[in-house]
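Student: Okay, here's the structure, questions in a sec.
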Amino acid sequence: MKVVVDRSKCTGLGICESLAPAFFEVDESGDLLVLKEDIEPGELAEIEEAVAGCPTEALKIEH
Ligand code: SF4
């Protein structure tokens, strides 16, 4: 599984970063960096929270 960002929807607010800091970082210009894409089984809950928490529905999990 991996996490995918729809850049056309992402507004760079960084809620995903606070929920899943191992995966996401918003840089000083407001661009989202995906630190890693591959999701280990133990990380699924964290990523699901970030997907649910993203206000613009820019994140999804690909199986
Ligand atoms: S929470 Fe959503 S909109 Fe905000 S930075 Fe993360 S992916 Fe982008």
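Residues in the structure tokens are numbered from 1 in each chain, the chains being A, B, ... in the order shown, and ligands are numbered from 1 in the order shown.
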Can you pull out the residues contacting Asp27 of chain A? Cut-off 12 Å, using only C-alpha atoms, and skip same-chain residues under 3 positions away; I want them as a short mmCIF file (atom, residue, chain, number, x, y, z; two decimals) with N, CA, C and O atoms, in the first residue's frame.

Tutor:
data_model
loop_
_atom_site.label_atom_id
_atom_site.label_comp_id
_atom_site.auth_asym_id
_atom_site.auth_seq_id
_atom_site.Cartn_x
_atom_site.Cartn_y
_atom_site.Cartn_z
N GLY A 12 -1.70 22.74 1.53
CA GLY A 12 -0.49 22.93 2.32
C GLY A 12 -0.69 23.35 3.76
O GLY A 12 0.20 23.92 4.38
N LEU A 13 -1.85 23.06 4.31
CA LEU A 13 -2.10 23.47 5.70
C LEU A 13 -1.37 22.59 6.71
O LEU A 13 -1.17 22.99 7.84
N GLY A 14 -1.02 21.39 6.30
CA GLY A 14 -0.16 20.57 7.14
C GLY A 14 -0.84 19.77 8.23
O GLY A 14 -0.18 19.33 9.17
N GLU A 17 0.69 16.48 8.32
CA GLU A 17 2.00 16.46 8.97
C GLU A 17 1.85 16.25 10.48
O GLU A 17 2.61 15.51 11.09
N PHE A 24 4.74 13.05 6.16
CA PHE A 24 4.49 14.35 5.53
C PHE A 24 5.24 15.47 6.23
O PHE A 24 5.37 15.48 7.44
N GLY A 30 5.20 26.29 2.00
CA GLY A 30 3.85 25.74 2.00
C GLY A 30 3.67 24.57 1.06
O GLY A 30 2.54 24.17 0.78
N ASP A 31 4.77 24.03 0.56
CA ASP A 31 4.67 22.85 -0.31
C ASP A 31 4.76 21.58 0.52
O ASP A 31 5.59 21.48 1.42
N LEU A 32 3.91 20.66 0.20
CA LEU A 32 3.90 19.39 0.92
C LEU A 32 4.98 18.46 0.38
O LEU A 32 5.04 18.20 -0.82
N LEU A 33 5.83 17.97 1.27
CA LEU A 33 6.81 16.96 0.91
C LEU A 33 6.31 15.62 1.43
O LEU A 33 5.92 15.52 2.59
N VAL A 34 6.33 14.63 0.56
CA VAL A 34 6.00 13.28 1.00
C VAL A 34 7.31 12.59 1.33
O VAL A 34 8.13 12.33 0.45
N LEU A 35 7.53 12.33 2.61
CA LEU A 35 8.82 11.78 3.06
C LEU A 35 8.94 10.31 2.71
O LEU A 35 10.02 9.81 2.45
#

Student: Check which residues fall inside 9 Å of ligand 1 when counting only C-alpha atoms and all ligand atoms, and print them as an NGL selection string.

Tutor: :A and (5-7 or 9-19 or 24-26 or 30-33 or 50-59)

Student: Could you turn the residues from that selection into a file that holds N, CA, C and O atoms, as a compact mmCIF listing (two decimals), in the first residue's frame?

Tutor:
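Okay, selection_11.txt is ready:
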# COMPACT_ATOMS: atom_id res chain seq x y z
N VAL A 5 -0.86 11.70 -3.01
CA VAL A 5 -1.36 13.07 -2.80
C VAL A 5 -1.86 13.62 -4.13
O VAL A 5 -1.14 13.56 -5.14
N ASP A 6 -3.05 14.17 -4.12
CA ASP A 6 -3.55 14.91 -5.28
C ASP A 6 -3.13 16.37 -5.09
O ASP A 6 -3.71 17.10 -4.31
N ARG A 7 -2.07 16.75 -5.79
CA ARG A 7 -1.49 18.08 -5.60
C ARG A 7 -2.45 19.19 -6.02
O ARG A 7 -2.32 20.32 -5.56
N LYS A 9 -5.42 19.37 -5.16
CA LYS A 9 -6.33 19.63 -4.04
C LYS A 9 -5.62 20.10 -2.79
O LYS A 9 -6.22 20.72 -1.93
N CYS A 10 -4.34 19.77 -2.66
CA CYS A 10 -3.61 20.08 -1.42
C CYS A 10 -3.40 21.58 -1.28
O CYS A 10 -2.94 22.24 -2.20
N THR A 11 -3.74 22.09 -0.09
CA THR A 11 -3.57 23.52 0.17
C THR A 11 -2.42 23.80 1.12
O THR A 11 -2.20 24.93 1.53
N GLY A 12 -1.70 22.74 1.53
CA GLY A 12 -0.49 22.93 2.32
C GLY A 12 -0.69 23.35 3.76
O GLY A 12 0.20 23.92 4.38
N LEU A 13 -1.85 23.06 4.31
CA LEU A 13 -2.10 23.47 5.70
C LEU A 13 -1.37 22.59 6.71
O LEU A 13 -1.17 22.99 7.84
N GLY A 14 -1.02 21.39 6.30
CA GLY A 14 -0.16 20.57 7.14
C GLY A 14 -0.84 19.77 8.23
O GLY A 14 -0.18 19.33 9.17
N ILE A 15 -2.13 19.58 8.12
CA ILE A 15 -2.80 18.73 9.11
C ILE A 15 -2.26 17.30 9.02
O ILE A 15 -2.04 16.65 10.04
N CYS A 16 -2.00 16.86 7.81
CA CYS A 16 -1.42 15.53 7.63
C CYS A 16 -0.07 15.42 8.34
O CYS A 16 0.26 14.38 8.91
N GLU A 17 0.69 16.48 8.32
CA GLU A 17 2.00 16.46 8.97
C GLU A 17 1.85 16.25 10.48
O GLU A 17 2.61 15.51 11.09
N SER A 18 0.87 16.90 11.08
CA SER A 18 0.71 16.74 12.53
C SER A 18 0.16 15.36 12.87
O SER A 18 0.46 14.83 13.95
N LEU A 19 -0.60 14.75 11.98
CA LEU A 19 -1.17 13.43 12.26
C LEU A 19 -0.22 12.29 11.89
O LEU A 19 -0.26 11.23 12.52
N PHE A 24 4.74 13.05 6.16
CA PHE A 24 4.49 14.35 5.53
C PHE A 24 5.24 15.47 6.23
O PHE A 24 5.37 15.48 7.44
N GLU A 25 5.67 16.43 5.40
CA GLU A 25 6.26 17.64 5.95
C GLU A 25 5.89 18.79 5.01
O GLU A 25 6.00 18.65 3.79
N VAL A 26 5.44 19.88 5.59
CA VAL A 26 5.16 21.06 4.78
C VAL A 26 6.34 22.00 4.92
O VAL A 26 6.72 22.36 6.04
N GLY A 30 5.20 26.29 2.00
CA GLY A 30 3.85 25.74 2.00
C GLY A 30 3.67 24.57 1.06
O GLY A 30 2.54 24.17 0.78
N ASP A 31 4.77 24.03 0.56
CA ASP A 31 4.67 22.85 -0.31
C ASP A 31 4.76 21.58 0.52
O ASP A 31 5.59 21.48 1.42
N LEU A 32 3.91 20.66 0.20
CA LEU A 32 3.90 19.39 0.92
C LEU A 32 4.98 18.46 0.38
O LEU A 32 5.04 18.20 -0.82
N LEU A 33 5.83 17.97 1.27
CA LEU A 33 6.81 16.96 0.91
C LEU A 33 6.31 15.62 1.43
O LEU A 33 5.92 15.52 2.59
N ALA A 50 -4.67 10.59 8.90
CA ALA A 50 -4.25 11.72 8.07
C ALA A 50 -5.17 11.87 6.86
O ALA A 50 -5.56 12.99 6.49
N VAL A 51 -5.55 10.75 6.25
CA VAL A 51 -6.46 10.80 5.11
C VAL A 51 -7.80 11.40 5.53
O VAL A 51 -8.36 12.29 4.87
N ALA A 52 -8.30 10.95 6.70
CA ALA A 52 -9.59 11.46 7.18
C ALA A 52 -9.48 12.92 7.62
O ALA A 52 -10.44 13.67 7.52
N GLY A 53 -8.28 13.31 8.10
CA GLY A 53 -8.11 14.65 8.63
C GLY A 53 -7.84 15.71 7.59
O GLY A 53 -7.95 16.90 7.86
N CYS A 54 -7.46 15.30 6.40
CA CYS A 54 -7.15 16.28 5.35
C CYS A 54 -8.43 17.00 4.93
O CYS A 54 -9.37 16.37 4.45
N PRO A 55 -8.48 18.31 5.11
CA PRO A 55 -9.72 19.04 4.86
C PRO A 55 -10.11 19.12 3.38
O PRO A 55 -11.26 19.40 3.06
N THR A 56 -9.16 18.88 2.49
CA THR A 56 -9.48 19.01 1.07
C THR A 56 -9.56 17.65 0.37
O THR A 56 -9.65 17.59 -0.85
N GLU A 57 -9.50 16.59 1.16
CA GLU A 57 -9.56 15.22 0.61
C GLU A 57 -8.49 14.99 -0.46
O GLU A 57 -8.74 14.38 -1.50
N ALA A 58 -7.30 15.49 -0.17
CA ALA A 58 -6.21 15.38 -1.14
C ALA A 58 -5.44 14.06 -1.02
O ALA A 58 -4.65 13.74 -1.90
N LEU A 59 -5.67 13.33 0.07
CA LEU A 59 -4.90 12.11 0.30
C LEU A 59 -5.74 10.88 0.05
O LEU A 59 -6.93 10.85 0.38

Student: Name the residues of chain A that come out as strand (DSSP E or B) in a backbone DSSP run; write them as a ChimeraX atom specification.

Tutor: /A:2-5,24-26,32-34,38,59-62

Student: Let's have the selection written as a PDB file, in the first residue's frame, with C-alpha atoms.

Tutor:
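Result file again35.pdb:
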ATOM      1  CA  LYS A   2       1.083   3.543  -0.544  1.00  0.00           C
ATOM      2  CA  VAL A   3      -0.196   7.009   0.114  1.00  0.00           C
ATOM      3  CA  VAL A   4      -0.914   9.291  -2.822  1.00  0.00           C
ATOM      4  CA  VAL A   5      -1.362  13.069  -2.804  1.00  0.00           C
ATOM      5  CA  PHE A  24       4.493  14.345   5.528  1.00  0.00           C
ATOM      6  CA  GLU A  25       6.263  17.640   5.949  1.00  0.00           C
ATOM      7  CA  VAL A  26       5.157  21.064   4.776  1.00  0.00           C
ATOM      8  CA  LEU A  32       3.905  19.390   0.922  1.00  0.00           C
ATOM      9  CA  LEU A  33       6.810  16.960   0.914  1.00  0.00           C
ATOM     10  CA  VAL A  34       6.001  13.276   1.000  1.00  0.00           C
ATOM     11  CA  ASP A  38       5.050   2.999   1.282  1.00  0.00           C
ATOM     12  CA  LEU A  59      -4.904  12.110   0.296  1.00  0.00           C
ATOM     13  CA  LYS A  60      -5.777   8.562  -0.564  1.00  0.00           C
ATOM     14  CA  ILE A  61      -4.421   5.096   0.036  1.00  0.00           C
ATOM     15  CA  GLU A  62      -3.661   2.945  -2.979  1.00  0.00           C
TER      16      GLU A  62
END

Student: Could you find all residues in chain A that DSSP calls alpha helix (DSSP H) from the backbone, and write them as a list in words?

Tutor: Ile15, Cys16, Glu17, Ser18, Leu19, Leu44, Ala45, Glu46, Ile47, Glu48, Glu49, Ala50, Val51, Ala52 and Gly53 of chain A

Student: Just to confirm, what's the straight-line distance from atom CA of Glu28 of chain A to atom CA of Glu48 of chain A in Å (one decimal)?

Tutor: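 Between atom CA of Glu28 of chain A and atom CA of Glu48 of chain A the gap works out to 25.2 Å.
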
Student: With distances taken over only C-alpha atoms, which of A:Leu44, A:Ser8, A:Phe23, A:Glu49 is nearest to His63 of chain A?

Tutor: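 Comparing A:Leu44, A:Ser8, A:Phe23, A:Glu49 against His63 of chain A, the winner is A:Leu44.
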